[in-house]
Amino acid sequence: MCGRYVSTRRPQDLVQLFHVTDWRAEDSLAPNWNVAPTNDVWAVLERTPRDSEDAGEVGRELRPLRWGLVPSWAKDLKIGARMINARVETVHEKPAFRRAFLKRRCLLPAEGFYEWQQAKDPATGKTRKQPYFIHPEDDQVMALAGLYEYWRNPEVKQDDDPTAWLMTCTIITTEATDAAGRVHPRMPLALTPDHYDTWLDPRHQDPDDLRSLLDQPAGGHLDARPVSTAVNNVRNNGPQLLEEVAQ
């Protein structure tokens, strides 16, 4: 699975990197070195503007979404905490994800992600969870493959109330390989820049074609280093979390 990741790039940089045409400056997120489920995260997506008269017009947006997909039919948004990942092997057929996979796909920018491995503490002899930061060898931004969904809050009566609708997302994962595979059996999937347009375009709806676009982050050229167990607490944040520690 992918349960924590790092996203620190400025929105202005992401707008240029992903050729975004629609970003509201009032939407802002602080750099986050310990992104956790239910946090708001940056997502790149394409959809028809609400005020557009042309159903075929699609704009590319950068916007904050809540991590943890809440299906449109869910009665409670708490289900999102269990929907942070979607397995690529079944994403096209699972009720919670299949419609989003066809029509509501996104990219989630990241500098890398964390995974944990059971390790024995040499000082105490006890087993502990050792976090690793896994990232591209060239430190380029990863475009993690994601899905997004709309959820209507039944407690809000007016549709035009800004709190009536919630947009949430999930990360697609696969079997881990290379550096990531030595730490954890699952890893997030990513896209290369030449596949961004097809992945994001909601008019492309062939499941097999879409799954063929997904790739290992950085083409499998990943580096993994042990980092401080401070990462284990979601309240801890800052660039010091990425510093390598001795084992």
# chains A, B, ... in the order shown; residues from 1 in each chain; ligands from 1
call {"tool": "residues_around", "arguments": {"residues": "stretch 196-202 of chain A", "least_positions_apart": "3", "cutoff": "9 Å", "atoms": "only C-alpha atoms", "output": "tab-separated table (two decimals) with C-alpha atoms, in the first residue's frame"}}
result
chain	number	residue	atom	x	y	z
A	18	PHE	CA	1.72	19.63	-15.50
A	44	VAL	CA	-4.11	17.43	-11.28
A	45	LEU	CA	-7.34	16.53	-13.09
A	46	GLU	CA	-9.39	17.35	-16.16
A	47	ARG	CA	-13.11	18.05	-16.29
A	58	VAL	CA	-12.14	20.04	-20.87
A	60	ARG	CA	-6.88	20.93	-16.66
A	102	LEU	CA	-13.40	5.25	-16.34
A	103	LYS	CA	-14.25	8.93	-15.90
A	104	ARG	CA	-12.44	10.59	-12.98
A	105	ARG	CA	-8.70	10.03	-13.03
A	106	CYS	CA	-6.05	12.32	-11.61
A	107	LEU	CA	-2.33	12.72	-10.93
A	143	ALA	CA	3.03	11.74	-10.94
A	145	ALA	CA	-1.82	7.63	-10.64
A	191	LEU	CA	2.66	7.97	-15.22
A	192	THR	CA	5.31	9.35	-17.54
A	193	PRO	CA	4.73	12.80	-19.08
A	205	GLN	CA	-12.73	5.07	-21.16
A	210	LEU	CA	-5.94	2.95	-19.37
A	213	LEU	CA	-0.52	3.63	-19.31
A	214	LEU	CA	0.48	2.91	-15.71
call {"tool": "residues_around", "arguments": {"residues": "stretch 229-235 of chain A", "least_positions_apart": "4", "cutoff": "8 Å", "atoms": "only C-alpha atoms", "output": "ChimeraX atom specification"}}
result
/A:34-36,129-131,241
call {"tool": "closest_residue", "arguments": {"among": "A:Pro95, A:Pro217, A:Gly238, A:Pro185", "to": "A:Gly112", "atoms": "only C-alpha atoms"}}
result
A:Pro217
call {"tool": "residues_around", "arguments": {"residues": "A:Trp23", "least_positions_apart": "6", "cutoff": "9 Å", "atoms": "only C-alpha atoms", "output": "MDAnalysis selection string"}}
result
chainID A and resid 11:12 15 60:63
call {"tool": "select_by_dssp", "arguments": {"residues": "stretch 9-168 of chain A", "states": "strand (DSSP E)", "output": "VMD selection string"}}
result
chain A and resid 32 to 35 40 to 47 59 to 67 85 to 87 105 to 110 112 to 120 127 to 136 142 to 152 165 to 168
call {"tool": "closest_residue", "arguments": {"among": "A:Pro226, A:Asp161, A:Gly146, A:Ile172", "to": "A:Gln117", "atoms": "only C-alpha atoms"}}
result
A:Pro226
call {"tool": "decode", "arguments": {"residues": "stretch 107-126 of chain A", "atoms": "N, CA, C and O atoms", "output": "PDB file, in the first residue's frame"}}
result
ATOM      1  N   LEU A 107      -3.742  12.914 -11.264  1.00  0.00           N
ATOM      2  CA  LEU A 107      -2.334  12.719 -10.930  1.00  0.00           C
ATOM      3  C   LEU A 107      -2.079  13.382  -9.591  1.00  0.00           C
ATOM      4  O   LEU A 107      -2.563  14.489  -9.334  1.00  0.00           O
ATOM      5  N   LEU A 108      -1.329  12.716  -8.741  1.00  0.00           N
ATOM      6  CA  LEU A 108      -1.007  13.233  -7.418  1.00  0.00           C
ATOM      7  C   LEU A 108       0.502  13.455  -7.351  1.00  0.00           C
ATOM      8  O   LEU A 108       1.272  12.497  -7.265  1.00  0.00           O
ATOM      9  N   PRO A 109       0.956  14.696  -7.421  1.00  0.00           N
ATOM     10  CA  PRO A 109       2.394  14.983  -7.420  1.00  0.00           C
ATOM     11  C   PRO A 109       3.046  14.598  -6.091  1.00  0.00           C
ATOM     12  O   PRO A 109       2.500  14.855  -5.015  1.00  0.00           O
ATOM     13  N   ALA A 110       4.228  13.997  -6.170  1.00  0.00           N
ATOM     14  CA  ALA A 110       4.933  13.570  -4.959  1.00  0.00           C
ATOM     15  C   ALA A 110       6.431  13.561  -5.219  1.00  0.00           C
ATOM     16  O   ALA A 110       6.883  13.304  -6.342  1.00  0.00           O
ATOM     17  N   GLU A 111       7.205  13.846  -4.168  1.00  0.00           N
ATOM     18  CA  GLU A 111       8.653  13.708  -4.255  1.00  0.00           C
ATOM     19  C   GLU A 111       9.098  12.291  -3.897  1.00  0.00           C
ATOM     20  O   GLU A 111      10.226  11.890  -4.178  1.00  0.00           O
ATOM     21  N   GLY A 112       8.239  11.551  -3.244  1.00  0.00           N
ATOM     22  CA  GLY A 112       8.551  10.197  -2.848  1.00  0.00           C
ATOM     23  C   GLY A 112       7.503   9.710  -1.865  1.00  0.00           C
ATOM     24  O   GLY A 112       6.557  10.430  -1.533  1.00  0.00           O
ATOM     25  N   PHE A 113       7.662   8.485  -1.383  1.00  0.00           N
ATOM     26  CA  PHE A 113       6.695   7.913  -0.457  1.00  0.00           C
ATOM     27  C   PHE A 113       7.425   7.112   0.609  1.00  0.00           C
ATOM     28  O   PHE A 113       8.605   6.768   0.466  1.00  0.00           O
ATOM     29  N   TYR A 114       6.719   6.823   1.687  1.00  0.00           N
ATOM     30  CA  TYR A 114       7.289   6.054   2.802  1.00  0.00           C
ATOM     31  C   TYR A 114       6.698   4.641   2.815  1.00  0.00           C
ATOM     32  O   TYR A 114       5.518   4.437   2.509  1.00  0.00           O
ATOM     33  N   GLU A 115       7.527   3.697   3.186  1.00  0.00           N
ATOM     34  CA  GLU A 115       7.065   2.344   3.501  1.00  0.00           C
ATOM     35  C   GLU A 115       7.823   1.865   4.734  1.00  0.00           C
ATOM     36  O   GLU A 115       8.888   2.415   5.071  1.00  0.00           O
ATOM     37  N   TRP A 116       7.296   0.839   5.375  1.00  0.00           N
ATOM     38  CA  TRP A 116       7.863   0.375   6.640  1.00  0.00           C
ATOM     39  C   TRP A 116       8.282  -1.080   6.547  1.00  0.00           C
ATOM     40  O   TRP A 116       7.675  -1.884   5.839  1.00  0.00           O
ATOM     41  N   GLN A 117       9.323  -1.410   7.309  1.00  0.00           N
ATOM     42  CA  GLN A 117       9.829  -2.774   7.382  1.00  0.00           C
ATOM     43  C   GLN A 117      10.059  -3.129   8.841  1.00  0.00           C
ATOM     44  O   GLN A 117      10.539  -2.297   9.623  1.00  0.00           O
ATOM     45  N   GLN A 118       9.690  -4.346   9.200  1.00  0.00           N
ATOM     46  CA  GLN A 118       9.944  -4.799  10.558  1.00  0.00           C
ATOM     47  C   GLN A 118      11.450  -4.961  10.770  1.00  0.00           C
ATOM     48  O   GLN A 118      12.143  -5.575   9.957  1.00  0.00           O
ATOM     49  N   ALA A 119      11.968  -4.379  11.848  1.00  0.00           N
ATOM     50  CA  ALA A 119      13.403  -4.450  12.128  1.00  0.00           C
ATOM     51  C   ALA A 119      13.618  -4.613  13.625  1.00  0.00           C
ATOM     52  O   ALA A 119      12.806  -4.164  14.437  1.00  0.00           O
ATOM     53  N   LYS A 120      14.725  -5.245  13.991  1.00  0.00           N
ATOM     54  CA  LYS A 120      15.044  -5.438  15.401  1.00  0.00           C
ATOM     55  C   LYS A 120      15.901  -4.268  15.879  1.00  0.00           C
ATOM     56  O   LYS A 120      16.916  -3.928  15.277  1.00  0.00           O
ATOM     57  N   ASP A 121      15.484  -3.639  16.967  1.00  0.00           N
ATOM     58  CA  ASP A 121      16.235  -2.533  17.559  1.00  0.00           C
ATOM     59  C   ASP A 121      17.479  -3.098  18.229  1.00  0.00           C
ATOM     60  O   ASP A 121      17.373  -3.890  19.178  1.00  0.00           O
ATOM     61  N   PRO A 122      18.680  -2.718  17.754  1.00  0.00           N
ATOM     62  CA  PRO A 122      19.910  -3.280  18.335  1.00  0.00           C
ATOM     63  C   PRO A 122      20.100  -2.914  19.803  1.00  0.00           C
ATOM     64  O   PRO A 122      20.785  -3.624  20.541  1.00  0.00           O
ATOM     65  N   ALA A 123      19.488  -1.821  20.228  1.00  0.00           N
ATOM     66  CA  ALA A 123      19.669  -1.378  21.617  1.00  0.00           C
ATOM     67  C   ALA A 123      18.785  -2.165  22.573  1.00  0.00           C
ATOM     68  O   ALA A 123      19.197  -2.484  23.693  1.00  0.00           O
ATOM     69  N   THR A 124      17.566  -2.500  22.145  1.00  0.00           N
ATOM     70  CA  THR A 124      16.615  -3.157  23.045  1.00  0.00           C
ATOM     71  C   THR A 124      16.318  -4.602  22.673  1.00  0.00           C
ATOM     72  O   THR A 124      15.809  -5.360  23.489  1.00  0.00           O
ATOM     73  N   GLY A 125      16.610  -4.960  21.410  1.00  0.00           N
ATOM     74  CA  GLY A 125      16.283  -6.308  20.950  1.00  0.00           C
ATOM     75  C   GLY A 125      14.838  -6.462  20.555  1.00  0.00           C
ATOM     76  O   GLY A 125      14.421  -7.528  20.099  1.00  0.00           O
ATOM     77  N   LYS A 126      14.046  -5.405  20.695  1.00  0.00           N
ATOM     78  CA  LYS A 126      12.631  -5.459  20.354  1.00  0.00           C
ATOM     79  C   LYS A 126      12.429  -5.155  18.862  1.00  0.00           C
ATOM     80  O   LYS A 126      13.214  -4.452  18.247  1.00  0.00           O
TER      81      LYS A 126
END
